[in-house]
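The structure appears right after this line, and notes come after that.
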Amino acid sequence: MTGRTAQKSNGARFRFALIFPLLLLSAEYFGAAAQESILTYDPSTITADGPENCAECHERTSEAWSESTHSRTYEELHLREEAQEILERLGESGSIRRNSECVQCHYTRHARESGGRAKTISGISCQRCHGGARDWIVIHQDTEQYPDRMERLMTATENGMRSTLKIYDLARNCFQCHTVPRENLVNVGEHPAGSEMFELVAYLQGEVRHNFLPTPAEETNKPASTERKRLLYVIGKSIDLEFSLRSLALATVDGIFLESMMARVQKAYDDLKLMGLNVAEINAMLDTIPKEGDTLKLVKNNKEEYENAADTISSLATSLEEKSVEYGAALAPIDSSLPAEFKGEVYK
Ligand code: HEC
Ligand code: HEC
Ligand code: HEC
Ligand code: HEC
């Protein structure tokens, strides 16, 4: 542990003492952290030796991760013919692992300091989902300074961690990458226009699943409870609509990108509507989508209107998560839609 990290942790404690009373009053707190984009994260917050840092304490989680596509893309992507072909169509050459476009979604980069040269160190690592750990790795497991788990995790969150306290923040990462909001990459590079079937429960409970706490690690990789799955499902569908709109907002020309994103928004909207939930936030989400008469307004070059709608959906999803316990039974009608099969093989 370096002196700098230890200092940081003291600084964080001090800040925490100052802001804690405000936290209790302010629901905006988590919202602010949520606005950062995973595609433009700061590589200097990624700790140098990457996932191994985490493996020290999260052994089984790290094993599960290393067998997943997210980890293997580091060893495999640059060897795939399709990958080279995408690069050629973009008129580029050279290393895929260093390509400024590919690194945004397939890899994790680390830089010594802000502005320093970033180096690709792994595939889609723990820190791409849970946040660059430089400023929170010490805090999040420091049970001496923060004996109260809530306080510990909130302090870690304030320092960039995305924990299970807020599933919206963790899950929005998935959609930022999996909707592939890149017009040129899709139209010219012919890269897949996002993962078509991406549904949060199915994609999270298969090969990505890692659920071993409390420490020392439990033997079984537990599935999420039914209550948790309900929440994941509804939040996932909300984020799908939000990020499909954010992608459509970036469409400027006719082509496969525009068509795919139009279809994506329509499907996300239909799915949300078909759930038939009588939940105020969901109804408000459906109302906020731009329409022309009875049909959705799906056009290119309409950035501002779609982004405003996406921002509204983001606040509504956050509010829905905060009230999920209260909603409880109101979410039960979803149970028949919950997937019975998951994407990829569960690590045992
Ligand atoms: C020195 C040991 C140690 C290291 C290293 C470590 N962790 Fe942890 N981690 C823990 C402990 C202990 C807990 C349980 C803390 C608790 O219950 O609040 C935990 C809990 C977590 C949680 C769950 C918190 C929640 O959301 O409920 C996440 C996520 C996490 N760690 C991610 C990471 C990542 C990512 C890394 C590497 C960058 C890492 N940890 C490195 C010890 C460690
Ligand atoms: C915005 C995020 C994003 C960027 C940028 C990105 N990819 Fe991908 N890529 C993905 C996702 C998500 C998938 C999985 C898609 C799926 O589920 O079918 C994927 C899948 C792939 C596949 C497998 C395709 C198949 O048919 O199975 C290849 C090859 C690939 N990417 C190459 C590249 C290359 C080369 C670059 C850089 C020029 C790149 N990607 C940039 C997100 C991205
Ligand atoms: C930093 C970008 C990024 C994030 C964040 C991300 N993924 Fe992925 N994911 C990818 C890419 C890229 C691939 C495909 C890699 C390849 O084929 O080489 C992929 C593959 C997968 C796969 C394997 C099946 C498939 O379609 O290839 C699953 C399942 C998956 N992701 C689920 C998730 C879930 C669930 C989350 C959020 C908890 C998530 N991903 C977050 C980029 C990301
Ligand atoms: C693709 C995104 C993604 C990656 C990569 C990822 N996580 Fe997670 N992690 C999540 C999500 C989402 C949850 C919350 C699942 C839930 O609450 O149902 C989670 C939950 C956790 C938890 C709490 C649950 C438990 O008991 O295990 C820990 C600890 C954790 N992650 C550590 C890690 C470590 C360590 C790594 C790397 C070895 C890692 N994660 C990689 C998305 C990710």
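FYI, nothing fancy with the structure tokens labels: chains A, B, ... in order, residues from 1 per chain, ligands from 1 as they appear.
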Please build the interface table for chain A against ligand 1 with a cut-off of 7 Å, listing for each qualifying residue the nearest atom pair and the distance in Å to one decimal; count only C-alpha atoms and all ligand atoms, order rows by chain and increasing number, and write it as JSON lines.
```
{"residue": "A:Thr47", "atom": "CA", "partner": "ligand 1", "partner_atom_place_in_ligand_line": "38 (C)", "distance": 7.0}
{"residue": "A:Gly50", "atom": "CA", "partner": "ligand 1", "partner_atom_place_in_ligand_line": "38 (C)", "distance": 6.7}
{"residue": "A:Pro51", "atom": "CA", "partner": "ligand 1", "partner_atom_place_in_ligand_line": "37 (C)", "distance": 6.0}
{"residue": "A:Asn53", "atom": "CA", "partner": "ligand 1", "partner_atom_place_in_ligand_line": "37 (C)", "distance": 5.0}
{"residue": "A:Cys54", "atom": "CA", "partner": "ligand 1", "partner_atom_place_in_ligand_line": "37 (C)", "distance": 3.3}
{"residue": "A:Ala55", "atom": "CA", "partner": "ligand 1", "partner_atom_place_in_ligand_line": "5 (C)", "distance": 6.9}
{"residue": "A:Glu56", "atom": "CA", "partner": "ligand 1", "partner_atom_place_in_ligand_line": "5 (C)", "distance": 5.4}
{"residue": "A:Cys57", "atom": "CA", "partner": "ligand 1", "partner_atom_place_in_ligand_line": "2 (C)", "distance": 4.4}
{"residue": "A:His58", "atom": "CA", "partner": "ligand 1", "partner_atom_place_in_ligand_line": "7 (N)", "distance": 6.2}
{"residue": "A:Cys126", "atom": "CA", "partner": "ligand 1", "partner_atom_place_in_ligand_line": "35 (C)", "distance": 4.7}
{"residue": "A:Gln127", "atom": "CA", "partner": "ligand 1", "partner_atom_place_in_ligand_line": "35 (C)", "distance": 5.3}
{"residue": "A:His130", "atom": "CA", "partner": "ligand 1", "partner_atom_place_in_ligand_line": "35 (C)", "distance": 5.6}
{"residue": "A:Ala133", "atom": "CA", "partner": "ligand 1", "partner_atom_place_in_ligand_line": "38 (C)", "distance": 5.1}
{"residue": "A:Ile137", "atom": "CA", "partner": "ligand 1", "partner_atom_place_in_ligand_line": "41 (C)", "distance": 5.8}
{"residue": "A:His140", "atom": "CA", "partner": "ligand 1", "partner_atom_place_in_ligand_line": "15 (C)", "distance": 6.2}
{"residue": "A:Gln141", "atom": "CA", "partner": "ligand 1", "partner_atom_place_in_ligand_line": "11 (C)", "distance": 4.6}
{"residue": "A:Arg149", "atom": "CA", "partner": "ligand 1", "partner_atom_place_in_ligand_line": "18 (O)", "distance": 4.9}
{"residue": "A:Arg152", "atom": "CA", "partner": "ligand 1", "partner_atom_place_in_ligand_line": "18 (O)", "distance": 6.6}
{"residue": "A:Leu153", "atom": "CA", "partner": "ligand 1", "partner_atom_place_in_ligand_line": "18 (O)", "distance": 6.4}
{"residue": "A:Arg162", "atom": "CA", "partner": "ligand 1", "partner_atom_place_in_ligand_line": "29 (C)", "distance": 6.9}
{"residue": "A:Ser163", "atom": "CA", "partner": "ligand 1", "partner_atom_place_in_ligand_line": "26 (O)", "distance": 3.3}
{"residue": "A:Thr164", "atom": "CA", "partner": "ligand 1", "partner_atom_place_in_ligand_line": "26 (O)", "distance": 3.5}
{"residue": "A:Leu165", "atom": "CA", "partner": "ligand 1", "partner_atom_place_in_ligand_line": "26 (O)", "distance": 5.8}
{"residue": "A:Leu213", "atom": "CA", "partner": "ligand 1", "partner_atom_place_in_ligand_line": "14 (C)", "distance": 6.8}
{"residue": "A:Pro214", "atom": "CA", "partner": "ligand 1", "partner_atom_place_in_ligand_line": "17 (O)", "distance": 6.3}
{"residue": "A:Thr215", "atom": "CA", "partner": "ligand 1", "partner_atom_place_in_ligand_line": "12 (C)", "distance": 5.9}
```
Save out the residues we just selected, N, CA and C atoms, as a CSV table (one decimal), in the first residue's frame.
```csv
chain,number,residue,atom,x,y,z
A,47,THR,N,-6.0,1.0,-11.3
A,47,THR,CA,-4.8,0.6,-10.6
A,47,THR,C,-3.9,-0.3,-11.4
A,50,GLY,N,-4.1,-4.1,-12.4
A,50,GLY,CA,-5.4,-4.6,-12.8
A,50,GLY,C,-6.1,-5.6,-12.0
A,51,PRO,N,-6.7,-6.6,-12.6
A,51,PRO,CA,-7.6,-7.5,-11.9
A,51,PRO,C,-6.8,-8.3,-10.8
A,53,ASN,N,-5.0,-7.2,-8.5
A,53,ASN,CA,-5.2,-6.4,-7.3
A,53,ASN,C,-6.4,-7.0,-6.5
A,54,CYS,N,-7.4,-7.3,-7.3
A,54,CYS,CA,-8.7,-7.7,-6.7
A,54,CYS,C,-8.6,-9.2,-6.3
A,55,ALA,N,-7.9,-10.0,-7.1
A,55,ALA,CA,-7.8,-11.4,-6.9
A,55,ALA,C,-7.3,-11.7,-5.5
A,56,GLU,N,-6.4,-10.9,-5.0
A,56,GLU,CA,-5.8,-11.1,-3.7
A,56,GLU,C,-6.9,-11.4,-2.7
A,57,CYS,N,-8.0,-10.7,-2.7
A,57,CYS,CA,-9.1,-10.9,-1.7
A,57,CYS,C,-10.3,-11.6,-2.4
A,58,HIS,N,-10.5,-11.3,-3.6
A,58,HIS,CA,-11.7,-11.8,-4.3
A,58,HIS,C,-11.3,-12.9,-5.2
A,126,CYS,N,-12.6,-5.8,-13.8
A,126,CYS,CA,-13.4,-5.4,-12.7
A,126,CYS,C,-13.6,-3.9,-12.6
A,127,GLN,N,-12.5,-3.2,-12.9
A,127,GLN,CA,-12.6,-1.7,-12.7
A,127,GLN,C,-13.4,-1.0,-13.8
A,130,HIS,N,-16.8,-1.6,-12.0
A,130,HIS,CA,-16.9,-1.1,-10.6
A,130,HIS,C,-16.2,0.2,-10.4
A,133,ALA,N,-10.1,2.0,-9.4
A,133,ALA,CA,-10.1,1.8,-7.9
A,133,ALA,C,-9.0,2.6,-7.1
A,137,ILE,N,-10.0,1.6,-3.4
A,137,ILE,CA,-9.6,0.3,-3.1
A,137,ILE,C,-9.3,0.1,-1.6
A,140,HIS,N,-12.8,0.7,0.6
A,140,HIS,CA,-14.0,-0.3,0.6
A,140,HIS,C,-13.8,-1.5,1.4
A,141,GLN,N,-12.6,-1.8,1.9
A,141,GLN,CA,-12.4,-3.0,2.7
A,141,GLN,C,-11.8,-2.6,4.1
A,149,ARG,N,-20.9,-0.8,7.5
A,149,ARG,CA,-20.8,-1.2,6.1
A,149,ARG,C,-21.4,-0.1,5.1
A,152,ARG,N,-19.0,2.7,4.9
A,152,ARG,CA,-17.8,2.3,4.2
A,152,ARG,C,-18.1,2.4,2.7
A,153,LEU,N,-19.2,1.8,2.3
A,153,LEU,CA,-19.5,1.7,0.8
A,153,LEU,C,-19.9,3.1,0.3
A,162,ARG,N,-18.4,1.8,-7.9
A,162,ARG,CA,-19.8,1.5,-8.2
A,162,ARG,C,-20.1,0.2,-7.5
A,163,SER,N,-20.9,0.3,-6.5
A,163,SER,CA,-21.1,-0.9,-5.6
A,163,SER,C,-22.5,-1.4,-5.9
A,164,THR,N,-22.9,-2.5,-5.1
A,164,THR,CA,-24.2,-3.1,-5.3
A,164,THR,C,-25.3,-2.2,-4.6
A,165,LEU,N,-24.8,-1.1,-3.9
A,165,LEU,CA,-25.8,-0.2,-3.3
A,165,LEU,C,-26.7,0.4,-4.4
A,213,LEU,N,-19.9,-13.1,-1.8
A,213,LEU,CA,-19.8,-12.5,-0.5
A,213,LEU,C,-20.7,-13.2,0.4
A,214,PRO,N,-20.7,-13.2,1.8
A,214,PRO,CA,-19.6,-12.4,2.5
A,214,PRO,C,-18.3,-13.1,2.5
A,215,THR,N,-17.2,-12.4,2.7
A,215,THR,CA,-15.9,-12.9,2.8
A,215,THR,C,-15.7,-13.6,4.2
```
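Excluding stretch 282-296 of chain A itself and any same-chain residue fewer than 4 positions from it, the protein and nucleic acid residues within 9 Å of it, counting only C-alpha atoms, are A:Val234, A:Ser238, A:Leu241, A:Leu245, A:Val265, A:Gln266, A:Tyr269, A:Leu272, A:Lys273, A:Leu277, A:Asn278, A:Glu305, A:Tyr306, A:Ala309, A:Ala310, A:Thr312, A:Ile313, A:Leu316, A:Ala317, A:Leu320.
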Go ahead and write the residues just picked, N, CA and C atoms, as a PDB file, in the first residue's frame.
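Saved result, part36.pdb, follows:
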```pdb
ATOM      1  N   VAL A 234     -36.513  -4.685 -14.396  1.00  0.00           N
ATOM      2  CA  VAL A 234     -37.166  -3.390 -14.659  1.00  0.00           C
ATOM      3  C   VAL A 234     -36.137  -2.285 -14.879  1.00  0.00           C
ATOM      4  N   SER A 238     -35.432  -0.129 -18.347  1.00  0.00           N
ATOM      5  CA  SER A 238     -35.416   1.337 -18.333  1.00  0.00           C
ATOM      6  C   SER A 238     -34.111   1.864 -18.939  1.00  0.00           C
ATOM      7  N   LEU A 241     -33.977   1.559 -22.703  1.00  0.00           N
ATOM      8  CA  LEU A 241     -34.666   2.664 -23.384  1.00  0.00           C
ATOM      9  C   LEU A 241     -33.801   3.926 -23.345  1.00  0.00           C
ATOM     10  N   LEU A 245     -32.014   5.549 -26.780  1.00  0.00           N
ATOM     11  CA  LEU A 245     -32.252   6.947 -27.162  1.00  0.00           C
ATOM     12  C   LEU A 245     -30.939   7.715 -27.300  1.00  0.00           C
ATOM     13  N   VAL A 265     -34.938   1.475 -30.007  1.00  0.00           N
ATOM     14  CA  VAL A 265     -35.810   2.333 -29.197  1.00  0.00           C
ATOM     15  C   VAL A 265     -37.233   1.772 -29.206  1.00  0.00           C
ATOM     16  N   GLN A 266     -37.698   1.392 -30.399  1.00  0.00           N
ATOM     17  CA  GLN A 266     -39.064   0.862 -30.513  1.00  0.00           C
ATOM     18  C   GLN A 266     -39.234  -0.380 -29.645  1.00  0.00           C
ATOM     19  N   TYR A 269     -39.171   0.422 -25.912  1.00  0.00           N
ATOM     20  CA  TYR A 269     -40.434   1.068 -25.557  1.00  0.00           C
ATOM     21  C   TYR A 269     -41.547   0.018 -25.435  1.00  0.00           C
ATOM     22  N   LEU A 272     -41.171  -2.223 -22.338  1.00  0.00           N
ATOM     23  CA  LEU A 272     -41.521  -1.531 -21.101  1.00  0.00           C
ATOM     24  C   LEU A 272     -43.041  -1.433 -20.966  1.00  0.00           C
ATOM     25  N   LYS A 273     -43.690  -1.155 -22.085  1.00  0.00           N
ATOM     26  CA  LYS A 273     -45.137  -1.000 -22.097  1.00  0.00           C
ATOM     27  C   LYS A 273     -45.825  -2.342 -21.830  1.00  0.00           C
ATOM     28  N   LEU A 277     -46.965  -2.734 -16.000  1.00  0.00           N
ATOM     29  CA  LEU A 277     -46.855  -2.393 -14.582  1.00  0.00           C
ATOM     30  C   LEU A 277     -47.553  -1.073 -14.311  1.00  0.00           C
ATOM     31  N   ASN A 278     -48.245  -1.042 -13.178  1.00  0.00           N
ATOM     32  CA  ASN A 278     -48.847   0.222 -12.803  1.00  0.00           C
ATOM     33  C   ASN A 278     -47.917   0.950 -11.828  1.00  0.00           C
ATOM     34  N   GLU A 305     -33.498  16.573 -28.346  1.00  0.00           N
ATOM     35  CA  GLU A 305     -34.763  16.051 -27.835  1.00  0.00           C
ATOM     36  C   GLU A 305     -34.586  14.651 -27.231  1.00  0.00           C
ATOM     37  N   TYR A 306     -33.804  13.791 -27.909  1.00  0.00           N
ATOM     38  CA  TYR A 306     -33.591  12.430 -27.388  1.00  0.00           C
ATOM     39  C   TYR A 306     -32.764  12.452 -26.108  1.00  0.00           C
ATOM     40  N   ALA A 309     -34.897  13.479 -23.197  1.00  0.00           N
ATOM     41  CA  ALA A 309     -35.770  12.371 -22.793  1.00  0.00           C
ATOM     42  C   ALA A 309     -34.960  11.317 -22.030  1.00  0.00           C
ATOM     43  N   ALA A 310     -33.736  11.040 -22.513  1.00  0.00           N
ATOM     44  CA  ALA A 310     -32.877  10.044 -21.848  1.00  0.00           C
ATOM     45  C   ALA A 310     -32.525  10.496 -20.429  1.00  0.00           C
ATOM     46  N   THR A 312     -34.326  12.394 -18.509  1.00  0.00           N
ATOM     47  CA  THR A 312     -35.530  12.224 -17.686  1.00  0.00           C
ATOM     48  C   THR A 312     -35.686  10.763 -17.274  1.00  0.00           C
ATOM     49  N   ILE A 313     -35.476   9.850 -18.229  1.00  0.00           N
ATOM     50  CA  ILE A 313     -35.593   8.420 -17.920  1.00  0.00           C
ATOM     51  C   ILE A 313     -34.569   8.023 -16.858  1.00  0.00           C
ATOM     52  N   LEU A 316     -35.827   8.989 -13.519  1.00  0.00           N
ATOM     53  CA  LEU A 316     -36.960   8.138 -13.143  1.00  0.00           C
ATOM     54  C   LEU A 316     -36.482   6.745 -12.717  1.00  0.00           C
ATOM     55  N   ALA A 317     -35.469   6.225 -13.415  1.00  0.00           N
ATOM     56  CA  ALA A 317     -34.949   4.894 -13.071  1.00  0.00           C
ATOM     57  C   ALA A 317     -34.304   4.929 -11.689  1.00  0.00           C
ATOM     58  N   LEU A 320     -37.052   4.965  -9.215  1.00  0.00           N
ATOM     59  CA  LEU A 320     -37.655   3.631  -9.151  1.00  0.00           C
ATOM     60  C   LEU A 320     -36.818   2.692  -8.281  1.00  0.00           C
TER      61      LEU A 320
END
```
List all protein, DNA and RNA residues that have any atom at most 8 Å from ligand 3, counting only C-alpha atoms and all ligand atoms, and write the list as a PyMOL selection string. chain A and resi 38-39+68-70+72-74+76-77+104-108+124+128-129+170-178+195+198+200-208+343-344
Would you output that residue set with C-alpha atoms, as a PDB file, in the first residue's frame?
```
ATOM      1  CA  ILE A  38     -17.612   4.443 -19.088  1.00  0.00           C
ATOM      2  CA  LEU A  39     -16.351   5.080 -22.612  1.00  0.00           C
ATOM      3  CA  SER A  68     -15.654 -14.912 -19.130  1.00  0.00           C
ATOM      4  CA  THR A  69     -15.719 -13.313 -22.590  1.00  0.00           C
ATOM      5  CA  HIS A  70     -14.932  -9.974 -20.916  1.00  0.00           C
ATOM      6  CA  ARG A  72     -10.815 -13.433 -22.865  1.00  0.00           C
ATOM      7  CA  THR A  73     -11.341 -10.624 -25.389  1.00  0.00           C
ATOM      8  CA  TYR A  74      -7.830  -9.467 -24.378  1.00  0.00           C
ATOM      9  CA  GLU A  76      -8.599 -13.361 -28.493  1.00  0.00           C
ATOM     10  CA  LEU A  77      -9.945 -10.262 -30.205  1.00  0.00           C
ATOM     11  CA  GLN A 104     -13.059   1.972 -25.377  1.00  0.00           C
ATOM     12  CA  CYS A 105     -15.125  -1.202 -25.117  1.00  0.00           C
ATOM     13  CA  HIS A 106     -12.879  -4.253 -25.401  1.00  0.00           C
ATOM     14  CA  TYR A 107     -10.033  -3.333 -23.083  1.00  0.00           C
ATOM     15  CA  THR A 108      -8.923  -1.604 -19.898  1.00  0.00           C
ATOM     16  CA  ILE A 124     -12.988  -5.634 -19.679  1.00  0.00           C
ATOM     17  CA  ARG A 128     -14.382  -1.031 -15.994  1.00  0.00           C
ATOM     18  CA  CYS A 129     -17.598  -2.022 -14.207  1.00  0.00           C
ATOM     19  CA  LEU A 170     -23.502  -0.608 -12.255  1.00  0.00           C
ATOM     20  CA  ALA A 171     -25.929  -1.638 -14.965  1.00  0.00           C
ATOM     21  CA  ARG A 172     -25.723   1.509 -17.069  1.00  0.00           C
ATOM     22  CA  ASN A 173     -22.143   0.480 -17.879  1.00  0.00           C
ATOM     23  CA  CYS A 174     -23.372  -2.635 -19.614  1.00  0.00           C
ATOM     24  CA  PHE A 175     -25.600  -0.626 -21.913  1.00  0.00           C
ATOM     25  CA  GLN A 176     -23.041   2.075 -22.669  1.00  0.00           C
ATOM     26  CA  CYS A 177     -20.881  -0.611 -24.284  1.00  0.00           C
ATOM     27  CA  HIS A 178     -23.522  -3.062 -25.468  1.00  0.00           C
ATOM     28  CA  SER A 195     -26.009  -6.834 -28.692  1.00  0.00           C
ATOM     29  CA  PHE A 198     -29.220  -7.831 -24.361  1.00  0.00           C
ATOM     30  CA  LEU A 200     -29.914  -7.470 -17.968  1.00  0.00           C
ATOM     31  CA  VAL A 201     -31.002 -10.552 -15.990  1.00  0.00           C
ATOM     32  CA  ALA A 202     -30.102 -12.991 -18.774  1.00  0.00           C
ATOM     33  CA  TYR A 203     -26.746 -11.330 -19.452  1.00  0.00           C
ATOM     34  CA  LEU A 204     -25.778 -10.851 -15.809  1.00  0.00           C
ATOM     35  CA  GLN A 205     -26.813 -14.223 -14.400  1.00  0.00           C
ATOM     36  CA  GLY A 206     -24.879 -16.401 -16.863  1.00  0.00           C
ATOM     37  CA  GLU A 207     -21.121 -16.249 -17.472  1.00  0.00           C
ATOM     38  CA  VAL A 208     -20.887 -12.775 -15.865  1.00  0.00           C
ATOM     39  CA  LYS A 343     -26.170 -15.957 -21.461  1.00  0.00           C
ATOM     40  CA  GLY A 344     -23.084 -18.151 -21.271  1.00  0.00           C
TER      41      GLY A 344
END
```
Do you have, as a Markdown table, the list of residues of chain A lying at most 7 Å from ligand 2, each with its nearest atom pair and that distance in Å to one decimal, counting only C-alpha atoms and all ligand atoms and ordered by chain then number?
```
| residue | atom | partner | partner_atom_place_in_ligand_line | distance |
| --- | --- | --- | --- | --- |
| A:Leu77 | CA | ligand 2 | 29 (C) | 6.3 |
| A:Arg80 | CA | ligand 2 | 29 (C) | 6.2 |
| A:Glu82 | CA | ligand 2 | 29 (C) | 4.5 |
| A:Ala83 | CA | ligand 2 | 29 (C) | 3.8 |
| A:Gln84 | CA | ligand 2 | 35 (C) | 6.1 |
| A:Ile86 | CA | ligand 2 | 35 (C) | 5.3 |
| A:Leu87 | CA | ligand 2 | 38 (C) | 5.2 |
| A:Ile96 | CA | ligand 2 | 35 (C) | 6.1 |
| A:Asn99 | CA | ligand 2 | 37 (C) | 6.5 |
| A:Glu101 | CA | ligand 2 | 37 (C) | 4.9 |
| A:Cys102 | CA | ligand 2 | 37 (C) | 3.2 |
| A:Val103 | CA | ligand 2 | 5 (C) | 6.8 |
| A:Gln104 | CA | ligand 2 | 5 (C) | 5.2 |
| A:Cys105 | CA | ligand 2 | 2 (C) | 4.3 |
| A:His106 | CA | ligand 2 | 7 (N) | 6.1 |
| A:Gln176 | CA | ligand 2 | 1 (C) | 6.9 |
| A:Cys177 | CA | ligand 2 | 2 (C) | 4.3 |
| A:His178 | CA | ligand 2 | 12 (C) | 3.8 |
| A:Thr179 | CA | ligand 2 | 12 (C) | 6.6 |
| A:Val180 | CA | ligand 2 | 1 (C) | 3.8 |
| A:Pro181 | CA | ligand 2 | 1 (C) | 5.5 |
| A:Arg182 | CA | ligand 2 | 1 (C) | 6.0 |
| A:Leu185 | CA | ligand 2 | 38 (C) | 6.7 |
| A:His191 | CA | ligand 2 | 31 (N) | 6.3 |
| A:Pro192 | CA | ligand 2 | 15 (C) | 5.8 |
| A:Gly194 | CA | ligand 2 | 15 (C) | 5.4 |
| A:Ser195 | CA | ligand 2 | 17 (O) | 3.7 |
| A:Glu196 | CA | ligand 2 | 17 (O) | 6.7 |
```
Take the residues from that selection and write them out as a CSV table (one decimal), in the first residue's frame, keeping N, CA and C atoms.
```csv
chain,number,residue,atom,x,y,z
A,77,LEU,N,-9.4,-11.2,-29.2
A,77,LEU,CA,-9.9,-10.3,-30.2
A,77,LEU,C,-9.0,-10.0,-31.4
A,80,ARG,N,-8.8,-12.4,-34.2
A,80,ARG,CA,-10.0,-12.8,-35.0
A,80,ARG,C,-10.0,-12.0,-36.3
A,82,GLU,N,-12.5,-11.3,-38.2
A,82,GLU,CA,-13.6,-10.2,-38.2
A,82,GLU,C,-13.0,-8.9,-37.7
A,83,ALA,N,-12.2,-9.0,-36.7
A,83,ALA,CA,-11.7,-7.8,-36.0
A,83,ALA,C,-10.7,-7.0,-37.0
A,84,GLN,N,-9.9,-7.8,-37.6
A,84,GLN,CA,-9.0,-7.2,-38.6
A,84,GLN,C,-9.8,-6.5,-39.8
A,86,ILE,N,-12.8,-5.3,-39.7
A,86,ILE,CA,-13.5,-4.1,-39.2
A,86,ILE,C,-12.4,-3.0,-39.3
A,87,LEU,N,-11.3,-3.2,-38.8
A,87,LEU,CA,-10.2,-2.2,-38.8
A,87,LEU,C,-9.9,-1.8,-40.3
A,96,ILE,N,-4.8,-3.7,-32.7
A,96,ILE,CA,-6.1,-3.5,-32.2
A,96,ILE,C,-6.2,-3.2,-30.7
A,99,ASN,N,-5.7,0.4,-30.6
A,99,ASN,CA,-6.6,1.3,-31.4
A,99,ASN,C,-7.5,2.1,-30.5
A,101,GLU,N,-10.3,3.4,-30.9
A,101,GLU,CA,-11.7,3.1,-30.9
A,101,GLU,C,-12.0,1.7,-30.1
A,102,CYS,N,-11.2,0.7,-30.5
A,102,CYS,CA,-11.5,-0.6,-29.9
A,102,CYS,C,-11.2,-0.6,-28.4
A,103,VAL,N,-10.3,0.2,-27.9
A,103,VAL,CA,-9.9,0.1,-26.5
A,103,VAL,C,-11.1,0.6,-25.6
A,104,GLN,N,-12.0,1.4,-26.2
A,104,GLN,CA,-13.1,2.0,-25.4
A,104,GLN,C,-14.0,0.9,-24.8
A,105,CYS,N,-14.2,-0.2,-25.6
A,105,CYS,CA,-15.1,-1.2,-25.1
A,105,CYS,C,-14.5,-2.6,-24.9
A,106,HIS,N,-13.4,-2.9,-25.5
A,106,HIS,CA,-12.9,-4.3,-25.4
A,106,HIS,C,-11.8,-4.4,-24.4
A,176,GLN,N,-23.9,1.1,-22.0
A,176,GLN,CA,-23.0,2.1,-22.7
A,176,GLN,C,-22.2,1.3,-23.7
A,177,CYS,N,-21.7,0.2,-23.3
A,177,CYS,CA,-20.9,-0.6,-24.3
A,177,CYS,C,-21.8,-1.4,-25.2
A,178,HIS,N,-22.8,-2.1,-24.7
A,178,HIS,CA,-23.5,-3.1,-25.5
A,178,HIS,C,-24.5,-2.5,-26.5
A,179,THR,N,-24.8,-1.2,-26.4
A,179,THR,CA,-25.6,-0.6,-27.5
A,179,THR,C,-24.7,-0.1,-28.6
A,180,VAL,N,-23.4,-0.1,-28.4
A,180,VAL,CA,-22.4,0.3,-29.4
A,180,VAL,C,-22.8,1.6,-30.1
A,181,PRO,N,-22.8,2.7,-29.3
A,181,PRO,CA,-23.2,4.0,-29.8
A,181,PRO,C,-22.1,4.7,-30.7
A,182,ARG,N,-21.8,4.1,-31.8
A,182,ARG,CA,-20.7,4.5,-32.6
A,182,ARG,C,-21.1,4.4,-34.1
A,185,LEU,N,-18.3,3.4,-36.7
A,185,LEU,CA,-17.9,2.0,-36.5
A,185,LEU,C,-18.9,1.0,-37.0
A,191,HIS,N,-19.3,-3.2,-37.8
A,191,HIS,CA,-19.2,-3.8,-36.5
A,191,HIS,C,-20.7,-4.0,-36.1
A,192,PRO,N,-21.0,-5.1,-35.3
A,192,PRO,CA,-22.4,-5.3,-34.8
A,192,PRO,C,-22.9,-4.0,-34.2
A,194,GLY,N,-24.6,-3.3,-31.7
A,194,GLY,CA,-25.0,-3.6,-30.4
A,194,GLY,C,-25.4,-5.0,-30.2
A,195,SER,N,-25.6,-5.5,-29.0
A,195,SER,CA,-26.0,-6.8,-28.7
A,195,SER,C,-27.5,-6.8,-28.8
A,196,GLU,N,-28.1,-7.5,-29.8
A,196,GLU,CA,-29.5,-7.4,-30.0
A,196,GLU,C,-30.4,-7.9,-28.9
```
Using DSSP assignments from the backbone, pull out every residue in stretch 280-342 of chain A that falls under strand (DSSP E) and give it to me as number ranges by chain. A: 291-292, 295-296
Please return as a ChimeraX atom specification: the residues of stretch 47-128 of chain A that backbone DSSP assigns to helix (DSSP H, G or I). /A:51-55,59-66,69-79,81-89,96-98,103-106,126-128
Can you tell me how far atom CA of A:Asp135 sits from atom CA of A:Asp42, in Å to one decimal?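 Computing the Euclidean distance for atom CA of A:Asp135 and atom CA of A:Asp42 yields 12.2 Å.
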